[in-house]
Amino acid sequence: MVTTILGIESSCDDTSASVIRDGYMLSNVIANQEVHKAYGGVVPELASRAHQQNIIPVVDRALRLAGVDKSEIDGLAFTRGPGLLGSLLVGTSFAKGFALYNNIPLIEVNHLQAHVLAHFIKEKDTDNQQPDFPFLCLLVSGGHTQIILVKNYFDMEIIGQTIDDAAGEAFDKCAKTMGLPYPGGPWVDKYAKEGNPQAYKFTKPRIANLDYSYSGFKTAFLYFIRDNIKEHPDFIKENMNDLCASIQFTIIDILIDKLKLAIKQTDVNQVAIAGGVSANSGLRNAITQLGQELNLKVFIPEFKFTTDNAAMIAIAGYYKFLEKEFVGQEVIPLARMPF
Ligand code: KG4
Ligand code: ZN
């Protein structure tokens with residue numbers, strides 16, 4: 001018997017649908033929302049309206065690309081949270097309607113767990129290397145920065161996290177200070193490739209245990225730019241590459257320091273990265289180097305699985321389906337959703 005899962009993701013500003021059959025991805029359609037670019041960040045009201053417009057065509061396309069009829073879907077997995085409530089409501093309502101009409105079980109998925117489980121998506125004609133349990137996952141996105149001890153598919157423990165801004169936010173806010181478009185992370189990555197990471201030094205936060213903090217760095221960078229612009233109005237333009245390389249170096253250095261400590265404390269020798277910031281070339285290099293240095297097995301997601309996508313929701317749904325972990329029609333989305 002084959003198991004076919006339709007996954008729906010709508011937690012922020014990407015509307016996505018994916019079909020996964022027996023762990024293999026058949027389709028993964030993502031509609032990005034360009035509308036937010038003009039505002040320098042995601043506008044929740046506009047995001048939920050765009051989800052409303054996108055959800056049916058996106059699901060339709062995902063089914064068609066997979067070559068699957070809706071009568072072949074065994075379970076409907078959707079992001080219950082965490083995320084923007086108005087955005088989550090669209091995906092949740094669609095999922096409930098689809099499951100009810102087609103008489104199939106409804107499966108709730110935690111968006112953050114799904115980012116981690118993206119490492120278990122299989123694809124045809126690839127080697128499909130997957131981590132064994134337990135492993136550590138550094139989850140770095142626009143809203144979260146966490147070190148997670150993954151003991152099993154749904155047995156995950158957050159052993160460290162940011163006490164203020166997330167790493168993605170640090171990228172985006174520093175980029176905004178320099179006048180780069182939103183989201184700034186990919187722009188910083190691009191310019192950093194041509195710059196000197198040691199050009200400007202920023203102090204690292206002193207935070208206890210495995211926790212992170214990025215708000216001090218963000219503010220220090222803002223003052224640093226403001227002071228330099230006073231003397232040289234073209235300071236940013238003339239030094240964009242070095243500034244980006246130095247920001248990126250600092251953010252990654254902070255991430256890796258705590259990850260090293262987590263590896264030491266847990267004695268786990270497999271490490272994965274996940275979330276939007278795991279697309280960053282500097283972080284991908286740093287984690288590869290760390291693997292060589294400490295003799296670790298390192299798992300780096302394919303680019304298409306770093307930012308928000310429904311394939312990660314569908315794979316999480318697949319493993320829940322095998323355990324018959326379903327929810328009823330009374331389910332409501334959660335802006336904050338603990339593991
Ligand atoms: O996981 P994600 O798509 O959405 C959230 O759940 O937040 O992550 C988005 C974040 C943004 O902050 C974006 O700037 C960052 O990921 N990001 C990057 C890169 N690509 C995306 N940051 C640094 N370098 C990149 N190449
Ligand atoms: Zn995400």
# chains A, B, ... in the order shown; residues from 1 in each chain; ligands from 1
call {"tool": "residues_near_ligand", "arguments": {"ligand": "ligand 1", "cutoff": "7 Å", "atoms": "only C-alpha atoms and all ligand atoms", "output": "ChimeraX atom specification"}}
result
/A:12,141-144,168-169,171-172,183-186,188-189,275-281,306-308
call {"tool": "residues_around", "arguments": {"residues": "A:Ile73", "least_positions_apart": "3", "cutoff": "6 Å", "atoms": "only C-alpha atoms", "output": "MDAnalysis selection string"}}
result
chainID A and resid 4:5 70
call {"tool": "closest_residue", "arguments": {"among": "A:Leu65, A:Ile251, A:Val90, A:Ala272", "to": "A:Asp13", "atoms": "only C-alpha atoms"}}
result
A:Val90
call {"tool": "residues_around", "arguments": {"residues": "stretch 293-302 of chain A", "least_positions_apart": "3", "cutoff": "9 Å", "atoms": "only C-alpha atoms", "output": "JSON, numbers by chain"}}
result
{"A": [118, 119, 129, 130, 131, 137, 268, 269, 270, 271, 272, 273, 274, 275, 278, 279, 284, 287, 288, 289, 290, 305, 306]}
call {"tool": "closest_residue", "arguments": {"among": "A:Met178, A:Ile163, A:Val140, A:Ile148", "to": "ligand 2", "atoms": "only C-alpha atoms and all ligand atoms"}}
result
A:Val140
call {"tool": "select_by_dssp", "arguments": {"residues": "stretch 83-215 of chain A", "states": "strand (DSSP E or B)", "output": "ChimeraX atom specification"}}
result
/A:106-110,122,135-140,145-152,155-162,212
call {"tool": "write_last_selection", "arguments": {"atoms": "N, CA, C and O atoms", "output": "compact mmCIF listing (two decimals), in the first residue's frame"}}
result
# COMPACT_ATOMS: atom_id res chain seq x y z
N LEU A 106 -6.78 14.62 8.93
CA LEU A 106 -6.13 15.92 9.00
C LEU A 106 -4.92 15.78 9.94
O LEU A 106 -5.04 15.21 11.02
N ILE A 107 -3.77 16.30 9.53
CA ILE A 107 -2.55 16.13 10.32
C ILE A 107 -1.95 17.51 10.60
O ILE A 107 -1.60 18.23 9.66
N GLU A 108 -1.82 17.88 11.87
CA GLU A 108 -1.24 19.19 12.19
C GLU A 108 0.28 19.07 12.24
O GLU A 108 0.82 18.05 12.68
N VAL A 109 0.95 20.10 11.76
CA VAL A 109 2.41 20.08 11.75
C VAL A 109 2.95 21.37 12.36
O VAL A 109 2.43 22.46 12.10
N ASN A 110 3.97 21.23 13.19
CA ASN A 110 4.68 22.38 13.75
C ASN A 110 5.72 22.82 12.71
O ASN A 110 6.58 22.04 12.30
N LYS A 122 12.86 12.54 0.64
CA LYS A 122 13.63 11.78 -0.35
C LYS A 122 13.23 12.23 -1.76
O LYS A 122 12.10 12.67 -1.98
N PHE A 135 20.63 13.63 16.54
CA PHE A 135 21.53 14.59 15.89
C PHE A 135 21.17 15.99 16.38
O PHE A 135 20.10 16.20 16.98
N LEU A 136 22.09 16.91 16.16
CA LEU A 136 21.84 18.30 16.53
C LEU A 136 21.42 19.06 15.28
O LEU A 136 21.99 18.82 14.21
N CYS A 137 20.44 19.92 15.43
CA CYS A 137 20.05 20.76 14.27
C CYS A 137 20.10 22.23 14.68
O CYS A 137 19.48 22.63 15.66
N LEU A 138 20.86 22.99 13.92
CA LEU A 138 20.88 24.44 14.10
C LEU A 138 19.81 25.01 13.19
O LEU A 138 19.94 24.96 11.96
N LEU A 139 18.72 25.47 13.80
CA LEU A 139 17.59 25.99 13.03
C LEU A 139 17.67 27.52 13.01
O LEU A 139 17.54 28.17 14.06
N VAL A 140 17.95 28.06 11.84
CA VAL A 140 18.17 29.50 11.72
C VAL A 140 17.26 30.09 10.64
O VAL A 140 17.42 29.81 9.47
N THR A 145 16.14 31.15 16.08
CA THR A 145 17.53 30.69 16.10
C THR A 145 17.61 29.72 17.28
O THR A 145 17.50 30.13 18.43
N GLN A 146 17.71 28.45 16.96
CA GLN A 146 17.64 27.42 18.01
C GLN A 146 18.64 26.31 17.74
O GLN A 146 18.89 25.97 16.59
N ILE A 147 19.17 25.76 18.82
CA ILE A 147 19.92 24.51 18.70
C ILE A 147 18.98 23.42 19.23
O ILE A 147 18.51 23.50 20.37
N ILE A 148 18.69 22.45 18.38
CA ILE A 148 17.71 21.42 18.74
C ILE A 148 18.39 20.06 18.80
O ILE A 148 19.10 19.68 17.88
N LEU A 149 18.14 19.35 19.90
CA LEU A 149 18.61 17.97 20.02
C LEU A 149 17.47 17.10 19.50
O LEU A 149 16.39 17.05 20.10
N VAL A 150 17.70 16.46 18.35
CA VAL A 150 16.64 15.69 17.70
C VAL A 150 16.83 14.22 18.08
O VAL A 150 17.74 13.56 17.59
N LYS A 151 15.93 13.73 18.94
CA LYS A 151 16.07 12.35 19.43
C LYS A 151 15.26 11.38 18.57
O LYS A 151 15.57 10.20 18.49
N ASN A 152 14.21 11.89 17.98
CA ASN A 152 13.39 11.10 17.06
C ASN A 152 12.57 12.08 16.22
O ASN A 152 12.65 13.28 16.43
N ASP A 155 10.46 13.85 18.69
CA ASP A 155 11.01 14.00 20.04
C ASP A 155 12.22 14.92 19.91
O ASP A 155 13.33 14.49 19.66
N MET A 156 11.93 16.22 20.03
CA MET A 156 12.98 17.24 19.83
C MET A 156 13.05 18.13 21.06
O MET A 156 12.02 18.51 21.60
N GLU A 157 14.29 18.46 21.45
CA GLU A 157 14.46 19.31 22.62
C GLU A 157 15.26 20.54 22.22
O GLU A 157 16.36 20.41 21.66
N ILE A 158 14.71 21.72 22.52
CA ILE A 158 15.45 22.96 22.22
C ILE A 158 16.44 23.15 23.36
O ILE A 158 16.04 23.37 24.51
N ILE A 159 17.73 23.06 23.06
CA ILE A 159 18.72 23.17 24.14
C ILE A 159 19.39 24.55 24.17
O ILE A 159 20.14 24.86 25.08
N GLY A 160 19.08 25.37 23.17
CA GLY A 160 19.59 26.74 23.16
C GLY A 160 18.78 27.55 22.16
O GLY A 160 18.32 27.00 21.16
N GLN A 161 18.58 28.84 22.47
CA GLN A 161 17.83 29.68 21.51
C GLN A 161 18.11 31.15 21.75
O GLN A 161 18.66 31.52 22.80
N THR A 162 17.70 31.97 20.80
CA THR A 162 17.97 33.39 20.96
C THR A 162 17.06 33.99 22.04
O THR A 162 15.90 33.59 22.18
N TYR A 212 21.51 32.44 22.47
CA TYR A 212 22.05 33.44 21.55
C TYR A 212 21.46 34.82 21.83
O TYR A 212 20.39 34.94 22.43
call {"tool": "atom_distance", "arguments": {"atom1": "atom CA of A:Lys218", "atom2": "atom CA of A:Pro44"}}
result
23.7 Å
call {"tool": "closest_residue", "arguments": {"among": "A:Leu76, A:Thr3, A:Val29, A:Ala311", "to": "A:Arg64", "atoms": "only C-alpha atoms"}}
result
A:Val29
call {"tool": "closest_residue", "arguments": {"among": "A:Thr15, A:Asn309, A:Gln198, A:Gln292", "to": "ligand 2", "atoms": "only C-alpha atoms and all ligand atoms"}}
result
A:Asn309
call {"tool": "residues_around", "arguments": {"residues": "A:Arg49", "least_positions_apart": "3", "cutoff": "9 Å", "atoms": "only C-alpha atoms", "output": "short mmCIF file (atom, residue, chain, number, x, y, z; two decimals) with all heavy atoms, in the first residue's frame"}}
result
data_model
loop_
_atom_site.label_atom_id
_atom_site.label_comp_id
_atom_site.auth_asym_id
_atom_site.auth_seq_id
_atom_site.Cartn_x
_atom_site.Cartn_y
_atom_site.Cartn_z
N PRO A 44 1.29 41.58 7.60
CA PRO A 44 0.42 40.43 7.86
C PRO A 44 -0.90 40.43 7.10
O PRO A 44 -1.30 39.42 6.53
CB PRO A 44 0.18 40.50 9.37
CG PRO A 44 1.39 41.19 9.90
CD PRO A 44 1.78 42.19 8.85
N GLU A 45 -1.56 41.56 7.03
CA GLU A 45 -2.86 41.64 6.35
C GLU A 45 -2.72 41.32 4.85
O GLU A 45 -3.52 40.58 4.28
CB GLU A 45 -3.44 43.06 6.57
CG GLU A 45 -4.72 43.37 5.83
CD GLU A 45 -5.91 42.55 6.31
OE1 GLU A 45 -5.87 42.05 7.45
OE2 GLU A 45 -6.87 42.41 5.52
N LEU A 46 -1.66 41.87 4.26
CA LEU A 46 -1.45 41.61 2.83
C LEU A 46 -1.05 40.15 2.60
O LEU A 46 -1.42 39.54 1.59
CB LEU A 46 -0.35 42.53 2.28
CG LEU A 46 -0.67 44.03 2.31
CD1 LEU A 46 0.50 44.84 1.75
CD2 LEU A 46 -1.94 44.32 1.49
N GLN A 52 -4.95 33.75 0.32
CA GLN A 52 -6.32 33.46 -0.16
C GLN A 52 -6.34 33.33 -1.67
O GLN A 52 -7.00 32.45 -2.22
CB GLN A 52 -7.28 34.61 0.24
CG GLN A 52 -7.70 34.63 1.68
CD GLN A 52 -8.93 33.77 1.92
OE1 GLN A 52 -9.35 33.03 1.05
NE2 GLN A 52 -9.48 33.85 3.12
N GLN A 53 -5.61 34.24 -2.32
CA GLN A 53 -5.59 34.22 -3.80
C GLN A 53 -4.81 33.03 -4.33
O GLN A 53 -5.16 32.44 -5.34
CB GLN A 53 -4.94 35.50 -4.33
CG GLN A 53 -5.87 36.68 -4.27
CD GLN A 53 -5.18 37.95 -4.73
OE1 GLN A 53 -3.96 38.07 -4.64
NE2 GLN A 53 -5.96 38.90 -5.18
N ASN A 54 -3.73 32.67 -3.62
CA ASN A 54 -2.79 31.68 -4.15
C ASN A 54 -3.14 30.24 -3.85
O ASN A 54 -2.73 29.33 -4.58
CB ASN A 54 -1.38 31.94 -3.59
CG ASN A 54 -0.79 33.25 -4.07
OD1 ASN A 54 -1.24 33.79 -5.08
ND2 ASN A 54 0.19 33.77 -3.37
N GLY A 86 -3.20 35.34 10.66
CA GLY A 86 -4.03 35.51 9.46
C GLY A 86 -3.57 34.63 8.32
O GLY A 86 -4.37 34.15 7.51
N SER A 87 -2.27 34.40 8.24
CA SER A 87 -1.70 33.52 7.21
C SER A 87 -2.03 32.06 7.52
O SER A 87 -2.47 31.31 6.65
CB SER A 87 -0.19 33.70 7.14
OG SER A 87 0.13 34.98 6.65
N VAL A 90 -5.60 30.80 6.72
CA VAL A 90 -5.94 30.45 5.33
C VAL A 90 -5.59 28.99 5.06
O VAL A 90 -6.41 28.21 4.56
CB VAL A 90 -5.21 31.38 4.32
CG1 VAL A 90 -5.52 30.98 2.89
CG2 VAL A 90 -5.59 32.83 4.57
#
call {"tool": "decode", "arguments": {"residues": "stretch 114-163 of chain A", "atoms": "N, CA and C atoms", "output": "mmCIF file, in the first residue's frame"}}
result
data_model
loop_
_atom_site.group_PDB
_atom_site.id
_atom_site.type_symbol
_atom_site.label_atom_id
_atom_site.label_comp_id
_atom_site.auth_asym_id
_atom_site.auth_seq_id
_atom_site.Cartn_x
_atom_site.Cartn_y
_atom_site.Cartn_z
ATOM 1 N N ALA A 114 9.068 20.905 11.217
ATOM 2 C CA ALA A 114 9.101 20.576 9.785
ATOM 3 C C ALA A 114 10.413 21.027 9.138
ATOM 4 N N HIS A 115 10.925 22.219 9.544
ATOM 5 C CA HIS A 115 12.223 22.666 8.998
ATOM 6 C C HIS A 115 13.292 21.603 9.282
ATOM 7 N N VAL A 116 13.265 21.050 10.482
ATOM 8 C CA VAL A 116 14.251 20.015 10.861
ATOM 9 C C VAL A 116 14.018 18.754 10.020
ATOM 10 N N LEU A 117 12.742 18.374 9.867
ATOM 11 C CA LEU A 117 12.418 17.119 9.172
ATOM 12 C C LEU A 117 12.625 17.201 7.662
ATOM 13 N N ALA A 118 12.885 18.419 7.170
ATOM 14 C CA ALA A 118 13.209 18.568 5.741
ATOM 15 C C ALA A 118 14.388 17.668 5.360
ATOM 16 N N HIS A 119 15.212 17.316 6.339
ATOM 17 C CA HIS A 119 16.363 16.435 6.063
ATOM 18 C C HIS A 119 15.935 15.001 5.737
ATOM 19 N N PHE A 120 14.650 14.695 5.871
ATOM 20 C CA PHE A 120 14.181 13.328 5.600
ATOM 21 C C PHE A 120 13.388 13.227 4.298
ATOM 22 N N ILE A 121 13.301 14.346 3.563
ATOM 23 C CA ILE A 121 12.602 14.303 2.269
ATOM 24 C C ILE A 121 13.478 13.519 1.291
ATOM 25 N N LYS A 122 12.861 12.541 0.637
ATOM 26 C CA LYS A 122 13.625 11.777 -0.348
ATOM 27 C C LYS A 122 13.234 12.232 -1.757
ATOM 28 N N GLU A 123 14.209 12.143 -2.669
ATOM 29 C CA GLU A 123 13.935 12.473 -4.062
ATOM 30 C C GLU A 123 14.499 11.379 -4.944
ATOM 31 N N LYS A 124 13.848 11.183 -6.082
ATOM 32 C CA LYS A 124 14.348 10.171 -7.028
ATOM 33 C C LYS A 124 15.719 10.602 -7.546
ATOM 34 N N ASP A 125 16.576 9.632 -7.818
ATOM 35 C CA ASP A 125 17.883 9.878 -8.433
ATOM 36 C C ASP A 125 18.817 10.735 -7.583
ATOM 37 N N THR A 126 18.657 10.735 -6.266
ATOM 38 C CA THR A 126 19.652 11.376 -5.393
ATOM 39 C C THR A 126 20.032 10.348 -4.338
ATOM 40 N N ASP A 127 21.144 10.624 -3.607
ATOM 41 C CA ASP A 127 21.587 9.585 -2.663
ATOM 42 C C ASP A 127 20.771 9.575 -1.361
ATOM 43 N N ASN A 128 19.939 10.618 -1.155
ATOM 44 C CA ASN A 128 19.017 10.659 -0.016
ATOM 45 C C ASN A 128 19.673 10.347 1.324
ATOM 46 N N GLN A 129 20.825 10.948 1.551
ATOM 47 C CA GLN A 129 21.499 10.770 2.848
ATOM 48 C C GLN A 129 20.671 11.403 3.949
ATOM 49 N N GLN A 130 20.450 10.687 5.015
ATOM 50 C CA GLN A 130 19.644 11.214 6.114
ATOM 51 C C GLN A 130 20.388 11.046 7.429
ATOM 52 N N PRO A 131 20.187 11.986 8.358
ATOM 53 C CA PRO A 131 20.851 11.815 9.662
ATOM 54 C C PRO A 131 20.240 10.657 10.455
ATOM 55 N N ASP A 132 21.037 10.071 11.325
ATOM 56 C CA ASP A 132 20.503 9.082 12.279
ATOM 57 C C ASP A 132 20.200 9.829 13.568
ATOM 58 N N PHE A 133 19.335 9.257 14.381
ATOM 59 C CA PHE A 133 19.049 9.865 15.690
ATOM 60 C C PHE A 133 20.064 9.361 16.711
ATOM 61 N N PRO A 134 20.493 10.171 17.657
ATOM 62 C CA PRO A 134 20.173 11.591 17.782
ATOM 63 C C PRO A 134 21.121 12.446 16.941
ATOM 64 N N PHE A 135 20.633 13.626 16.543
ATOM 65 C CA PHE A 135 21.526 14.588 15.892
ATOM 66 C C PHE A 135 21.172 15.988 16.380
ATOM 67 N N LEU A 136 22.094 16.906 16.157
ATOM 68 C CA LEU A 136 21.835 18.302 16.530
ATOM 69 C C LEU A 136 21.421 19.060 15.280
ATOM 70 N N CYS A 137 20.442 19.925 15.426
ATOM 71 C CA CYS A 137 20.052 20.758 14.274
ATOM 72 C C CYS A 137 20.105 22.229 14.678
ATOM 73 N N LEU A 138 20.862 22.989 13.919
ATOM 74 C CA LEU A 138 20.880 24.442 14.102
ATOM 75 C C LEU A 138 19.805 25.006 13.187
ATOM 76 N N LEU A 139 18.716 25.468 13.796
ATOM 77 C CA LEU A 139 17.589 25.994 13.029
ATOM 78 C C LEU A 139 17.672 27.517 13.007
ATOM 79 N N VAL A 140 17.948 28.058 11.840
ATOM 80 C CA VAL A 140 18.169 29.503 11.717
ATOM 81 C C VAL A 140 17.261 30.087 10.644
ATOM 82 N N SER A 141 16.292 30.894 11.091
ATOM 83 C CA SER A 141 15.366 31.486 10.120
ATOM 84 C C SER A 141 15.169 32.955 10.462
ATOM 85 N N GLY A 142 14.153 33.562 9.827
ATOM 86 C CA GLY A 142 13.885 34.972 10.095
ATOM 87 C C GLY A 142 13.318 35.183 11.495
ATOM 88 N N GLY A 143 12.656 34.173 12.015
ATOM 89 C CA GLY A 143 12.016 34.320 13.325
ATOM 90 C C GLY A 143 12.646 33.496 14.430
ATOM 91 N N HIS A 144 13.498 32.529 14.084
ATOM 92 C CA HIS A 144 14.022 31.610 15.097
ATOM 93 C C HIS A 144 15.505 31.338 14.946
ATOM 94 N N THR A 145 16.141 31.150 16.076
ATOM 95 C CA THR A 145 17.529 30.686 16.102
ATOM 96 C C THR A 145 17.614 29.719 17.276
ATOM 97 N N GLN A 146 17.711 28.446 16.960
ATOM 98 C CA GLN A 146 17.643 27.424 18.012
ATOM 99 C C GLN A 146 18.641 26.313 17.735
ATOM 100 N N ILE A 147 19.166 25.757 18.816
ATOM 101 C CA ILE A 147 19.916 24.507 18.696
ATOM 102 C C ILE A 147 18.982 23.418 19.232
ATOM 103 N N ILE A 148 18.692 22.449 18.377
ATOM 104 C CA ILE A 148 17.706 21.424 18.741
ATOM 105 C C ILE A 148 18.388 20.058 18.799
ATOM 106 N N LEU A 149 18.145 19.353 19.902
ATOM 107 C CA LEU A 149 18.615 17.969 20.016
ATOM 108 C C LEU A 149 17.468 17.104 19.503
ATOM 109 N N VAL A 150 17.699 16.463 18.355
ATOM 110 C CA VAL A 150 16.642 15.694 17.705
ATOM 111 C C VAL A 150 16.827 14.222 18.077
ATOM 112 N N LYS A 151 15.928 13.729 18.935
ATOM 113 C CA LYS A 151 16.067 12.346 19.427
ATOM 114 C C LYS A 151 15.265 11.382 18.570
ATOM 115 N N ASN A 152 14.206 11.893 17.977
ATOM 116 C CA ASN A 152 13.392 11.101 17.062
ATOM 117 C C ASN A 152 12.570 12.084 16.216
ATOM 118 N N TYR A 153 11.758 11.564 15.285
ATOM 119 C CA TYR A 153 11.035 12.475 14.387
ATOM 120 C C TYR A 153 10.279 13.569 15.150
ATOM 121 N N PHE A 154 9.615 13.182 16.230
ATOM 122 C CA PHE A 154 8.837 14.182 16.961
ATOM 123 C C PHE A 154 9.261 14.299 18.421
ATOM 124 N N ASP A 155 10.460 13.851 18.691
ATOM 125 C CA ASP A 155 11.012 14.004 20.041
ATOM 126 C C ASP A 155 12.222 14.924 19.913
ATOM 127 N N MET A 156 11.935 16.223 20.033
ATOM 128 C CA MET A 156 12.978 17.237 19.833
ATOM 129 C C MET A 156 13.049 18.131 21.060
ATOM 130 N N GLU A 157 14.285 18.456 21.446
ATOM 131 C CA GLU A 157 14.456 19.313 22.623
ATOM 132 C C GLU A 157 15.264 20.544 22.223
ATOM 133 N N ILE A 158 14.706 21.718 22.516
ATOM 134 C CA ILE A 158 15.447 22.961 22.224
ATOM 135 C C ILE A 158 16.444 23.149 23.363
ATOM 136 N N ILE A 159 17.727 23.064 23.064
ATOM 137 C CA ILE A 159 18.723 23.170 24.141
ATOM 138 C C ILE A 159 19.387 24.551 24.167
ATOM 139 N N GLY A 160 19.084 25.371 23.168
ATOM 140 C CA GLY A 160 19.589 26.742 23.162
ATOM 141 C C GLY A 160 18.778 27.548 22.164
ATOM 142 N N GLN A 161 18.581 28.843 22.470
ATOM 143 C CA GLN A 161 17.831 29.676 21.511
ATOM 144 C C GLN A 161 18.110 31.152 21.748
ATOM 145 N N THR A 162 17.703 31.971 20.805
ATOM 146 C CA THR A 162 17.969 33.394 20.956
ATOM 147 C C THR A 162 17.062 33.991 22.042
ATOM 148 N N ILE A 163 17.630 34.916 22.783
ATOM 149 C CA ILE A 163 16.816 35.589 23.804
ATOM 150 C C ILE A 163 16.222 36.883 23.236
#
